[in-house]
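Participant: Got model.cif for you, mmCIF, C-alpha atoms:
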data_query
loop_
_atom_site.label_atom_id
_atom_site.label_comp_id
_atom_site.auth_asym_id
_atom_site.auth_seq_id
_atom_site.Cartn_x
_atom_site.Cartn_y
_atom_site.Cartn_z
CA MET A 1 141.69 -189.67 -6.05
CA ASN A 2 143.20 -189.34 -9.52
CA TYR A 3 139.84 -188.30 -10.88
CA VAL A 4 139.49 -185.49 -8.37
CA VAL A 5 142.93 -184.28 -9.43
CA PHE A 6 141.87 -184.58 -13.07
CA PHE A 7 138.80 -182.43 -12.43
CA LEU A 8 140.76 -179.89 -10.38
CA MET A 9 143.33 -179.65 -13.17
CA GLY A 10 140.48 -178.98 -15.59
CA MET A 11 139.29 -176.22 -13.30
CA LEU A 12 142.80 -174.77 -13.06
CA GLY A 13 143.02 -174.80 -16.85
CA ALA A 14 139.77 -172.89 -17.09
CA ILE A 15 140.93 -170.32 -14.50
CA LEU A 16 144.24 -169.79 -16.33
CA GLN A 17 142.36 -169.49 -19.60
CA SER A 18 139.99 -166.86 -18.23
CA THR A 19 142.84 -164.70 -16.92
CA MET A 20 145.80 -165.28 -19.25
CA PHE A 21 144.03 -164.94 -22.58
CA ARG A 22 142.64 -161.47 -21.96
CA GLY A 23 143.26 -158.78 -24.50
CA GLY A 24 145.45 -158.35 -27.56
CA VAL A 25 146.67 -161.11 -29.83
CA LEU A 26 146.27 -163.83 -27.20
CA HIS A 27 142.51 -163.33 -27.03
CA ALA A 28 142.23 -164.32 -30.69
CA PHE A 29 143.97 -167.60 -29.85
CA THR A 30 141.97 -168.86 -26.89
CA PRO A 31 142.32 -172.65 -26.63
CA ASP A 32 139.56 -174.98 -25.48
CA THR A 33 141.35 -176.61 -22.56
CA THR A 34 138.29 -178.52 -21.34
CA LEU A 35 138.00 -180.18 -24.75
CA LEU A 36 141.60 -181.39 -24.42
CA PHE A 37 140.74 -182.95 -21.07
CA VAL A 38 137.77 -184.71 -22.65
CA ILE A 39 139.93 -185.96 -25.52
CA TYR A 40 142.32 -187.41 -22.97
CA ALA A 41 139.38 -189.00 -21.15
CA ALA A 42 138.08 -190.49 -24.42
CA THR A 43 141.44 -191.99 -25.33
CA SER A 44 142.74 -193.05 -21.93
CA LEU A 45 140.01 -193.49 -19.33
CA SER A 46 137.28 -196.07 -18.87
CA PHE A 47 133.87 -195.30 -20.37
CA SER A 48 131.78 -194.61 -17.28
CA ARG A 49 134.39 -192.52 -15.45
CA GLY A 50 135.36 -190.63 -18.59
CA LEU A 51 131.73 -189.91 -19.36
CA LEU A 52 131.04 -188.54 -15.88
CA LEU A 53 134.21 -186.42 -15.99
CA SER A 54 133.33 -185.07 -19.45
CA PHE A 55 129.88 -184.13 -18.20
CA ALA A 56 131.36 -182.40 -15.14
CA LEU A 57 133.97 -180.55 -17.22
CA GLY A 58 131.26 -179.42 -19.65
CA LEU A 59 129.22 -178.04 -16.80
CA LEU A 60 132.33 -176.32 -15.48
CA ALA A 61 132.96 -174.74 -18.90
CA ASP A 62 129.35 -173.51 -18.99
CA LEU A 63 129.62 -171.93 -15.56
CA PHE A 64 132.94 -170.32 -16.43
CA SER A 65 131.93 -168.91 -19.78
CA GLY A 66 128.52 -167.49 -18.89
CA ALA A 67 126.98 -169.88 -21.43
CA PRO A 68 123.64 -171.49 -20.57
CA GLU A 69 124.09 -174.71 -18.62
CA GLY A 70 124.03 -177.63 -20.98
CA TRP A 71 125.65 -175.74 -23.86
CA ASN A 72 129.19 -177.09 -23.46
CA THR A 73 127.98 -180.01 -21.33
CA SER A 74 126.05 -181.56 -24.22
CA TYR A 75 128.88 -180.83 -26.67
CA LEU A 76 131.63 -182.37 -24.53
CA THR A 77 129.52 -185.37 -23.50
CA LEU A 78 128.77 -186.09 -27.16
CA ILE A 79 132.42 -185.65 -28.15
CA PHE A 80 133.48 -188.12 -25.46
CA MET A 81 130.96 -190.67 -26.72
CA LEU A 82 131.98 -190.01 -30.31
CA GLY A 83 135.64 -190.48 -29.37
CA LYS A 84 134.94 -193.79 -27.69
CA GLY A 85 132.80 -194.89 -30.63
CA ILE A 86 135.50 -194.03 -33.16
CA GLN A 87 138.14 -195.94 -31.23
CA ALA A 88 135.89 -198.98 -31.02
CA ARG A 89 135.46 -199.09 -34.79
CA VAL A 90 138.62 -197.64 -36.26
CA PHE A 91 142.09 -199.06 -35.78
CA PHE A 92 143.49 -195.90 -34.26
CA ARG A 93 144.90 -195.69 -30.75
CA GLY A 94 147.07 -193.33 -28.74
CA PRO A 95 148.23 -189.92 -30.02
CA ARG A 96 146.92 -190.49 -33.57
CA ALA A 97 143.44 -191.18 -32.24
CA ALA A 98 143.63 -188.14 -29.96
CA VAL A 99 144.61 -185.83 -32.84
CA GLY A 100 141.90 -187.29 -35.08
CA ILE A 101 139.17 -186.94 -32.46
CA LEU A 102 140.31 -183.43 -31.57
CA LEU A 103 140.21 -182.28 -35.20
CA LEU A 104 136.77 -183.80 -35.62
CA ALA A 105 135.55 -182.22 -32.38
CA LEU A 106 136.82 -178.77 -33.37
CA ALA A 107 135.33 -179.08 -36.84
CA LEU A 108 131.94 -180.09 -35.43
CA LYS A 109 131.85 -177.41 -32.76
CA VAL A 110 130.39 -174.44 -34.61
CA PRO A 111 127.87 -176.47 -36.68
CA PHE A 112 126.73 -178.17 -33.46
CA PHE A 113 126.33 -174.84 -31.64
CA ALA A 114 124.55 -173.34 -34.63
CA ILE A 115 122.00 -176.18 -34.56
CA LEU A 116 121.69 -176.05 -30.78
CA ALA A 117 121.26 -172.25 -30.53
CA PRO A 118 117.71 -171.90 -31.93
CA MET A 119 116.54 -174.86 -29.86
CA ALA A 120 117.88 -173.21 -26.71
CA ARG A 121 116.70 -169.75 -27.88
CA ILE A 122 120.23 -168.37 -27.86
CA SER A 123 121.64 -165.97 -30.40
CA PHE A 124 124.66 -167.54 -32.09
CA PRO A 125 125.21 -165.77 -35.42
CA ILE A 126 127.61 -167.34 -37.92
CA GLN A 127 129.66 -164.64 -39.61
CA LYS A 128 133.21 -163.67 -40.55
CA GLN A 129 134.22 -163.01 -36.94
CA THR A 130 132.86 -166.40 -35.85
CA LEU A 131 135.20 -168.06 -38.32
CA GLY A 132 138.07 -165.99 -36.91
CA VAL A 133 137.32 -167.15 -33.36
CA TRP A 134 136.94 -170.72 -34.61
CA LEU A 135 140.26 -170.77 -36.48
CA GLY A 136 142.06 -169.13 -33.54
CA GLU A 137 140.62 -171.72 -31.19
CA ILE A 138 141.59 -174.61 -33.48
CA THR A 139 145.17 -173.32 -33.78
CA ALA A 140 145.60 -172.65 -30.06
CA THR A 141 144.02 -175.95 -29.01
CA LEU A 142 146.20 -177.96 -31.39
CA LEU A 143 149.31 -176.17 -30.14
CA LEU A 144 148.40 -176.75 -26.51
CA MET A 145 147.40 -180.37 -27.03
CA PRO A 146 150.83 -182.06 -26.59
CA VAL A 147 151.49 -180.17 -23.36
CA VAL A 148 148.11 -180.94 -21.79
CA LEU A 149 148.11 -184.60 -22.84
CA TYR A 150 151.67 -185.05 -21.56
CA VAL A 151 150.86 -183.47 -18.19
CA LEU A 152 147.68 -185.52 -17.87
CA SER A 153 149.38 -188.78 -18.78
CA ARG A 154 152.08 -188.09 -16.18
CA THR A 155 149.51 -187.18 -13.54
CA MET A 156 147.02 -189.95 -14.20
CA GLY A 157 149.74 -192.60 -14.44
CA GLN A 158 148.70 -196.04 -15.58
CA GLU A 159 144.93 -195.41 -15.41
CA SER A 160 144.25 -195.69 -19.10
CA ALA A 161 142.56 -197.66 -21.84
CA SER A 162 144.52 -200.65 -20.57
CA HIS A 163 142.13 -200.49 -17.63
CA PRO A 164 140.15 -203.76 -17.87
CA LYS A 165 136.83 -201.89 -17.90
CA GLY A 166 138.07 -199.38 -20.43
CA LYS A 167 139.24 -202.17 -22.71
CA GLN A 168 135.93 -203.91 -22.40
CA HIS A 169 133.96 -200.78 -23.33
CA ALA A 170 136.32 -199.70 -26.09
CA SER A 171 135.88 -203.04 -27.78
CA MET B 172 116.05 -207.46 -15.42
CA LEU B 173 119.05 -206.57 -13.30
CA GLY B 174 121.25 -208.55 -15.66
CA LEU B 175 119.90 -206.62 -18.64
CA LEU B 176 120.61 -203.34 -16.87
CA GLN B 177 124.14 -204.52 -16.09
CA ARG B 178 124.74 -205.43 -19.74
CA ARG B 179 123.30 -202.18 -21.04
CA ARG B 180 125.01 -200.04 -18.43
CA THR B 181 127.11 -198.12 -20.96
CA LEU B 182 124.14 -197.31 -23.14
CA LEU B 183 121.94 -196.32 -20.20
CA LEU B 184 124.64 -194.12 -18.69
CA SER B 185 125.23 -192.41 -22.06
CA LEU B 186 121.53 -191.74 -22.54
CA LEU B 187 121.19 -190.46 -18.99
CA MET B 188 124.11 -188.03 -19.35
CA LEU B 189 122.85 -186.74 -22.69
CA PHE B 190 119.34 -186.38 -21.33
CA LEU B 191 120.64 -184.40 -18.35
CA ALA B 192 122.77 -182.12 -20.55
CA PHE B 193 119.94 -181.30 -22.95
CA ALA B 194 117.40 -181.04 -20.11
CA MET B 195 119.61 -178.42 -18.44
CA LEU B 196 119.90 -176.50 -21.69
CA PHE B 197 116.18 -176.45 -22.42
CA ALA B 198 115.18 -175.84 -18.81
CA GLY B 199 117.66 -172.93 -18.78
CA ARG B 200 115.54 -171.06 -21.36
CA ASP B 201 113.35 -170.08 -18.45
CA GLU B 202 115.43 -167.62 -16.40
CA SER B 203 113.70 -168.61 -13.15
CA SER B 204 114.84 -172.21 -13.45
CA ARG B 205 118.53 -171.50 -14.10
CA SER B 206 120.89 -172.98 -11.54
CA ILE B 207 121.78 -169.64 -10.02
CA PHE B 208 123.19 -171.37 -6.96
CA LEU B 209 125.86 -173.23 -8.97
CA GLN B 210 126.85 -170.09 -10.85
CA ARG B 211 127.10 -168.07 -7.66
CA ALA B 212 129.06 -170.78 -5.89
CA LEU B 213 131.53 -171.04 -8.76
CA LEU B 214 131.99 -167.28 -8.94
CA GLU B 215 132.75 -167.24 -5.22
CA VAL B 216 135.19 -170.16 -5.37
CA VAL B 217 137.00 -169.11 -8.51
CA GLY B 218 136.87 -165.33 -8.11
CA PRO B 219 139.80 -165.02 -5.67
CA PHE B 220 142.03 -167.16 -7.92
CA GLN B 221 141.10 -165.10 -10.97
CA LYS B 222 141.76 -161.92 -9.06
CA GLY B 223 145.15 -163.15 -7.86
CA LEU B 224 146.19 -164.41 -11.28
CA THR B 225 145.08 -161.21 -12.99
CA LYS B 226 147.07 -159.12 -10.53
CA GLY B 227 150.08 -161.40 -10.99
CA ALA B 228 149.84 -161.22 -14.78
CA ARG B 229 149.56 -157.42 -14.66
CA PHE B 230 152.55 -157.21 -12.34
CA VAL B 231 154.70 -159.36 -14.63
CA THR B 232 153.53 -157.45 -17.71
CA GLY B 233 154.26 -154.20 -15.90
CA ILE B 234 157.79 -155.31 -15.11
CA PHE B 235 158.32 -156.51 -18.65
CA GLU B 236 157.00 -153.35 -20.25
CA HIS B 237 158.41 -150.78 -17.89
CA TYR B 238 161.59 -152.21 -16.55
CA LEU B 239 163.16 -155.15 -18.39
CA ASN B 240 163.27 -153.41 -21.75
CA LEU B 241 165.16 -150.56 -20.17
CA VAL B 242 167.82 -152.73 -18.56
CA HIS B 243 169.86 -153.35 -21.72
CA VAL B 244 169.72 -149.84 -23.12
CA LYS B 245 173.39 -148.98 -22.51
CA GLU B 246 176.53 -150.70 -21.45
CA GLU B 247 177.74 -148.69 -18.53
CA ASN B 248 180.00 -149.67 -15.71
CA GLN B 249 178.35 -151.59 -12.93
CA VAL B 250 178.10 -148.85 -10.35
CA LEU B 251 176.71 -146.24 -12.72
CA ARG B 252 174.30 -148.72 -14.19
CA GLU B 253 172.91 -149.62 -10.80
CA ILE B 254 172.43 -145.95 -10.00
CA ILE B 255 170.78 -145.29 -13.34
CA GLU B 256 168.51 -148.28 -12.97
CA GLU B 257 167.57 -147.19 -9.49
CA LEU B 258 166.74 -143.73 -10.78
CA LYS B 259 164.84 -145.16 -13.71
CA ARG B 260 162.85 -147.44 -11.44
CA GLU B 261 161.94 -144.51 -9.26
CA ARG B 262 161.05 -142.46 -12.32
CA ILE B 263 158.84 -145.22 -13.72
CA GLN B 264 157.07 -145.52 -10.42
CA LEU B 265 156.52 -141.76 -10.35
CA LEU B 266 155.32 -141.74 -13.95
CA GLU B 267 152.98 -144.61 -13.27
CA GLN B 268 151.67 -142.84 -10.24
CA ARG B 269 151.13 -139.69 -12.32
CA VAL B 270 149.28 -141.62 -15.03
CA GLU B 271 147.24 -143.42 -12.42
CA ASN B 272 146.55 -140.11 -10.71
CA GLU B 273 145.30 -138.57 -13.94
CA ARG B 274 143.19 -141.61 -14.70
CA LEU B 275 141.68 -141.67 -11.23
CA ARG B 276 140.99 -137.93 -11.42
CA SER B 277 139.13 -138.39 -14.69
CA LEU B 278 137.22 -141.35 -13.20
CA LEU B 279 136.34 -139.27 -10.16
CA GLY B 280 135.08 -136.44 -12.34
CA PHE B 281 133.08 -138.90 -14.39
CA ARG B 282 131.63 -140.47 -11.28
CA GLU B 283 130.51 -137.16 -9.81
CA GLY B 284 128.65 -136.30 -13.01
CA PHE B 285 126.01 -138.96 -12.34
CA GLU B 286 122.88 -138.54 -10.24
CA LYS B 287 122.91 -142.18 -9.18
CA PRO B 288 125.89 -143.57 -7.28
CA LEU B 289 128.56 -145.38 -9.27
CA LEU B 290 130.51 -148.25 -7.82
CA PRO B 291 134.04 -148.75 -9.18
CA ALA B 292 134.99 -152.36 -9.89
CA GLU B 293 138.03 -154.15 -11.23
CA VAL B 294 137.87 -156.58 -14.15
CA ILE B 295 139.36 -159.90 -13.02
CA GLY B 296 138.44 -162.37 -15.76
CA ASN B 297 136.58 -163.00 -18.96
CA ASP B 298 134.71 -165.70 -20.83
CA VAL B 299 136.89 -168.81 -21.09
CA SER B 300 135.49 -170.01 -24.38
CA GLY B 301 135.70 -166.92 -26.54
CA TRP B 302 132.18 -167.65 -27.82
CA PHE B 303 130.33 -165.48 -25.30
CA GLN B 304 131.22 -161.89 -24.49
CA THR B 305 131.32 -161.71 -20.70
CA LEU B 306 133.60 -160.30 -17.97
CA VAL B 307 133.98 -161.02 -14.27
CA ILE B 308 134.30 -158.10 -11.83
CA ASP B 309 135.39 -158.07 -8.19
CA ARG B 310 132.12 -156.70 -6.81
CA GLY B 311 129.07 -158.67 -5.80
CA GLN B 312 125.89 -158.72 -3.80
CA ARG B 313 127.79 -157.62 -0.70
CA ASP B 314 128.41 -154.30 -2.49
CA GLY B 315 124.76 -154.05 -3.56
CA ILE B 316 125.27 -155.44 -7.06
CA GLN B 317 122.16 -156.96 -8.65
CA GLU B 318 121.33 -158.54 -11.98
CA GLY B 319 120.37 -155.98 -14.62
CA MET B 320 122.49 -153.10 -13.33
CA ALA B 321 124.31 -151.13 -16.01
CA VAL B 322 128.10 -151.28 -16.26
CA ILE B 323 129.89 -148.30 -17.82
CA THR B 324 133.28 -146.61 -18.15
CA VAL B 325 134.45 -143.09 -18.90
CA ARG B 326 134.37 -143.96 -22.60
CA GLY B 327 130.87 -145.42 -22.70
CA VAL B 328 128.56 -148.36 -22.13
CA VAL B 329 130.15 -151.70 -21.24
CA GLY B 330 127.17 -153.97 -20.55
CA GLN B 331 124.95 -155.17 -17.74
CA ILE B 332 125.22 -157.51 -14.76
CA MET B 333 123.95 -160.96 -15.77
CA GLU B 334 124.67 -162.79 -12.52
CA SER B 335 126.20 -161.98 -9.17
CA SER B 336 127.50 -163.88 -6.18
CA ARG B 337 128.43 -162.48 -2.79
CA ASN B 338 131.74 -160.97 -3.87
CA PHE B 339 131.85 -161.23 -7.66
CA ALA B 340 129.64 -160.61 -10.66
CA ARG B 341 129.53 -161.50 -14.35
CA VAL B 342 128.91 -158.77 -16.91
CA LEU B 343 127.24 -159.41 -20.28
CA LEU B 344 129.00 -157.10 -22.75
CA ILE B 345 127.06 -155.07 -25.32
CA THR B 346 128.98 -156.93 -28.06
CA ASP B 347 127.40 -160.27 -27.09
CA PRO B 348 124.66 -161.24 -29.56
CA ASN B 349 122.31 -161.83 -26.61
CA SER B 350 122.64 -158.21 -25.44
CA SER B 351 120.54 -155.23 -26.52
CA VAL B 352 120.55 -151.52 -25.63
CA ALA B 353 117.89 -148.93 -26.48
CA ALA B 354 119.78 -146.29 -28.46
CA LEU B 355 119.52 -143.20 -30.64
CA VAL B 356 121.67 -141.48 -33.23
CA GLN B 357 123.06 -138.28 -31.70
CA ASN B 358 122.65 -136.03 -34.78
CA THR B 359 119.20 -137.10 -35.94
CA ARG B 360 117.78 -138.43 -32.64
CA ALA B 361 116.51 -141.45 -34.59
CA PRO B 362 115.80 -144.35 -32.20
CA GLY B 363 116.89 -147.97 -32.60
CA ILE B 364 118.20 -150.97 -30.71
CA VAL B 365 121.91 -151.74 -30.47
CA GLU B 366 122.55 -155.49 -30.44
CA GLY B 367 125.85 -157.30 -30.15
CA SER B 368 127.11 -159.06 -33.21
CA SER B 369 130.62 -160.26 -32.51
CA GLN B 370 133.75 -159.79 -30.46
CA LYS B 371 134.24 -156.17 -31.37
CA ARG B 372 131.09 -154.85 -33.04
CA CYS B 373 127.43 -154.10 -32.55
CA ILE B 374 124.52 -153.50 -34.92
CA LEU B 375 121.96 -150.70 -34.63
CA LYS B 376 118.68 -152.33 -35.65
CA TYR B 377 115.13 -151.07 -36.26
CA LEU B 378 116.31 -147.75 -37.69
CA LEU B 379 113.85 -146.52 -40.32
CA GLN B 380 115.00 -146.48 -43.95
CA SER B 381 114.15 -142.79 -44.17
CA GLU B 382 116.75 -141.89 -41.53
CA THR B 383 120.13 -140.70 -42.79
CA VAL B 384 123.15 -142.01 -40.92
CA GLN B 385 126.74 -141.21 -41.76
CA GLN B 386 129.99 -142.90 -40.89
CA GLY B 387 131.36 -141.51 -37.64
CA ASP B 388 127.96 -140.53 -36.21
CA LEU B 389 127.80 -141.08 -32.47
CA ILE B 390 125.27 -143.58 -31.07
CA LEU B 391 124.00 -142.89 -27.55
CA SER B 392 121.83 -144.80 -25.12
CA SER B 393 118.24 -143.53 -25.17
CA GLY B 394 117.32 -144.67 -21.65
CA MET B 395 114.17 -146.36 -22.96
CA ASP B 396 115.24 -149.81 -21.76
CA GLY B 397 115.28 -148.78 -18.11
CA ILE B 398 118.78 -150.18 -17.69
CA TYR B 399 121.18 -147.64 -19.17
CA PRO B 400 120.70 -143.92 -18.43
CA LYS B 401 120.04 -141.62 -21.36
CA GLY B 402 122.97 -140.05 -23.20
CA LEU B 403 125.76 -142.54 -22.56
CA PRO B 404 127.99 -143.02 -25.62
CA ILE B 405 127.83 -146.53 -27.08
CA GLY B 406 129.87 -146.28 -30.27
CA THR B 407 130.29 -144.72 -33.67
CA VAL B 408 128.78 -145.69 -37.00
CA SER B 409 131.22 -147.69 -39.09
CA GLY B 410 128.93 -148.72 -41.95
CA THR B 411 125.32 -149.07 -43.09
CA ASP B 412 123.29 -151.79 -44.74
CA LYS B 413 120.38 -150.13 -46.52
CA ARG B 414 118.12 -152.19 -48.81
CA ASP B 415 115.00 -150.83 -50.49
CA VAL B 416 113.02 -153.99 -49.89
CA GLN B 417 113.39 -153.78 -46.12
CA LEU B 418 111.48 -151.63 -43.67
CA PHE B 419 114.50 -150.94 -41.50
CA GLN B 420 118.18 -150.42 -42.13
CA ASN B 421 121.01 -152.06 -40.20
CA VAL B 422 123.90 -149.88 -39.06
CA GLN B 423 127.26 -151.28 -37.96
CA VAL B 424 128.47 -149.71 -34.73
CA GLU B 425 132.06 -149.70 -33.48
CA PRO B 426 131.93 -149.58 -29.65
CA LEU B 427 133.91 -146.78 -28.03
CA VAL B 428 135.07 -149.07 -25.24
CA ASP B 429 138.01 -151.36 -25.93
CA PHE B 430 136.71 -154.42 -24.09
CA GLN B 431 139.98 -156.30 -24.26
CA LYS B 432 141.86 -153.59 -22.38
CA LEU B 433 139.27 -152.92 -19.71
CA GLU B 434 140.73 -152.78 -16.22
CA GLU B 435 138.22 -150.74 -14.25
CA VAL B 436 134.51 -150.23 -14.76
CA PHE B 437 131.65 -148.56 -12.91
CA VAL B 438 128.42 -150.25 -11.88
CA LEU B 439 125.45 -147.92 -11.91
CA TYR B 440 123.43 -148.47 -8.76
CA ARG B 441 119.71 -148.87 -9.02
CA HIS B 442 117.24 -149.17 -6.21
CA PRO B 443 115.62 -152.64 -6.11
CA SER B 444 112.18 -151.06 -6.72
CA GLU B 445 113.49 -149.51 -9.96
CA THR B 446 114.57 -152.95 -11.12
CA GLU B 447 111.06 -154.30 -10.56
CA GLU B 448 109.42 -151.33 -12.28
CA SER B 449 111.59 -151.61 -15.37
CA ALA B 450 111.05 -155.35 -15.67
CA PRO B 451 108.67 -156.29 -18.48
#
Spell out the structure here as structure tokens.
Facilitator:
Amino acid sequence: MNYVVFFLMGMLGAILQSTMFRGGVLHAFTPDTTLLFVIYAATSLSFSRGLLLSFALGLLADLFSGAPEGWNTSYLTLIFMLGKGIQARVFFRGPRAAVGILLLALALKVPFFAILAPMARISFPIQKQTLGVWLGEITATLLLMPVVLYVLSRTMGQESASHPKGKQHAS
Amino acid sequence: MLGLLQRRRTLLLSLLMLFLAFAMLFAGRDESSRSIFLQRALLEVVGPFQKGLTKGARFVTGIFEHYLNLVHVKEENQVLREIIEELKRERIQLLEQRVENERLRSLLGFREGFEKPLLPAEVIGNDVSGWFQTLVIDRGQRDGIQEGMAVITVRGVVGQIMESSRNFARVLLITDPNSSVAALVQNTRAPGIVEGSSQKRCILKYLLQSETVQQGDLILSSGMDGIYPKGLPIGTVSGTDKRDVQLFQNVQVEPLVDFQKLEEVFVLYRHPSETEESAP
């Protein structure tokens, strides 16, 4: 049941993002809420459930943004796997791990899309404005991160990396 | 065998998810194989929430802009203040109605100037990621909206319908790099293609080097793409990139429409047969 709530919260985040960040200064600071959900999944949920939720959230982000299906899905699925991989090899857990994975994910985003675009025959030019959108997104996502992670940890309760399966996969 | 699968479950699941994600992306290159059903279903499910939230946000912004900042203007006694506020509220409502009236009159005049019917629509949402330039409007297939129909405003070209569900539709803006509009320079009638380049700008491509373009020149739709009617303003020239070694010059175009402040747009109706004829 918690996972349905998790997914619905992701959907709510996307709806709020599509309506609240329209126009003016706010548009330049559009956070990536689905990425925050995936970061939470990577640091607190078991591997198989987190992976499925990341895939579903990626697909949701694609459908919301008008991007081709698979665009955000592949990115978020890879970030989840990367997050789990990092935690298995580096002695970082909890908020520090979340911040580290988020920074890495945001830094990899544009290079990943730039590589993906020609393969998917999509125009994704890298220019000054792209950097503006990127920096705005990084700032907004980092600012929103504590709020989203707090709400998710309260909602999801004790379902976390302490989950026996999660521990097994993380190690 | 089963034991091996159990042990490698994590790896297999990871590979499966990645394969699915990339398969969707590469299959999506072919328009006919895109999961239109999912997109339509999501538009239908989410559309009402977006509409409600947008209306709520506008209401709150309206109160903030038009009322709250007037409340603390003067320290009057309580009775007089209440009367003044009441009068101010009424005045704001009347002013808003007047502005709305003027705006609707201009929209009506604009609408009547077209041979083909125009359908007014309200903008209820935009791209969540900020990486793609799209909008969601509160009109869909029930209103006769189809993919490829042009979307315009009084100021100029907005974009075209990229997908539609029963009650809602998504518009690809002309500023999206995946969008293109057949265009011409108003003064010289030189033809070119306007492509999106970023959040706020477009580029006029395939304009011959011999053509002279000046800052401020108006760029219009040429009607050659079969989507946008001829003569609709797209934007003004804000800069040129002319190099002797190239056959064509690139011209930066500043769109006339402020996409971030769009509230209402018009969808230009086309008969289904026209859509088929104009398709490549």
Participant: Go through A:Val110, A:Ala42, A:Leu35, A:Leu57 and flag the residue nearest Thr141 of chain A, using only C-alpha atoms for the distances.
Facilitator: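 For Thr141 of chain A, the nearest of the candidates is A:Leu35.
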Participant: Any chance you could work out the residue set of the PyMOL selection byres ((chain A) within 6 of (chain B)) here, as a list in words?
Facilitator: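 Applied to this file, the PyMOL selection byres ((chain A) within 6 of (chain B)) returns Gln17, Ser18, Thr19, Gly23, Leu63, Ser65, Glu69, Gly70, Thr73, Ser74, Ala120 and Ser123 of chain A.
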Participant: Next, dump the selected residues to file, keeping only C-alpha atoms, as a PDB file, keeping the file's coordinate frame.
Facilitator:
ATOM      1  CA  GLN A  17     142.360-169.490 -19.600  1.00  0.00           C
ATOM      2  CA  SER A  18     139.990-166.860 -18.230  1.00  0.00           C
ATOM      3  CA  THR A  19     142.840-164.700 -16.920  1.00  0.00           C
ATOM      4  CA  GLY A  23     143.260-158.780 -24.500  1.00  0.00           C
ATOM      5  CA  LEU A  63     129.620-171.930 -15.560  1.00  0.00           C
ATOM      6  CA  SER A  65     131.930-168.910 -19.780  1.00  0.00           C
ATOM      7  CA  GLU A  69     124.090-174.710 -18.620  1.00  0.00           C
ATOM      8  CA  GLY A  70     124.030-177.630 -20.980  1.00  0.00           C
ATOM      9  CA  THR A  73     127.980-180.010 -21.330  1.00  0.00           C
ATOM     10  CA  SER A  74     126.050-181.560 -24.220  1.00  0.00           C
ATOM     11  CA  ALA A 120     117.880-173.210 -26.710  1.00  0.00           C
ATOM     12  CA  SER A 123     121.640-165.970 -30.400  1.00  0.00           C
TER      13      SER A 123
END
Participant: Looking at only C-alpha atoms, which of A:Gly100, A:Pro95, A:Pro68, A:Gly13 is the one that sits closest to Leu82 of chain A?
Facilitator: A:Gly100
Participant: Grab the atom CA of Asp32 of chain A to atom CA of Ile101 of chain A distance for me, in Å with one decimal place.
Facilitator: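 These two atoms are separated by 13.9 Å.
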Participant: Using all atoms listed in the file, which of A:Val4, A:Leu12, A:Ala88, A:Leu116 sits nearest Leu53 of chain A?
Facilitator: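 Of all the options, A:Val4 lies closest to Leu53 of chain A.
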Participant: If you measure from atom CA of Asn2 of chain A to atom CA of Arg49 of chain A, what distance in Å do you get, rounded to one decimal?
Facilitator: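 Spanning atom CA of Asn2 of chain A to atom CA of Arg49 of chain A is a straight-line distance of 11.1 Å.
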Participant: Box time for segment 130-146 of chain A: axis-aligned, enclosing all its listed atoms, 8 Å extra on each side; report centre and edge lengths in Å to one decimal, as JSON.
Facilitator:
{"center_x": 141.8, "center_y": -174.0, "center_z": -32.4, "size_x": 34.0, "size_y": 32.1, "size_z": 27.8}
Participant: Would you list the residues near (134.1, -183.9, -20.7), meaning any protein, DNA or RNA residue with an atom at most 7 Å from that point in file coordinates, counting all atoms listed in the file, as a PyMOL selection string?
Facilitator: chain A and resi 34-35+37-38+51+53-58+76-77+80
Participant: Calculate how many Å separate atom CA of Glu434 of chain B from atom CA of Thr346 of chain B, rounding to one decimal.
Facilitator: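 Atom-to-atom, atom CA of Glu434 of chain B to atom CA of Thr346 of chain B, that is 17.2 Å.
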Participant: Taking the file as shown, find all residues satisfying the PyMOL selection byres ((chain A and resi 140) around 8) and write them as a PyMOL selection string.
Facilitator: chain A and resi 29-32+136-139+141-144
Participant: Quick check on the file I pasted: which residues fall under the PyMOL selection byres ((chain B and resi 406) around 12)? Write them as an MDAnalysis selection string.
Facilitator: chainID B and resid 326:329 345:346 352 354:357 365:367 371:375 386:392 402:405 407:410 422:429
Participant: Counting only C-alpha atoms, figure out which residue out of A:Pro118, A:Gly83, A:Gly66, A:Pro111 gets nearest to Ser44 of chain A.
Facilitator: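 So, comparing all the options, the nearest one is A:Gly83.
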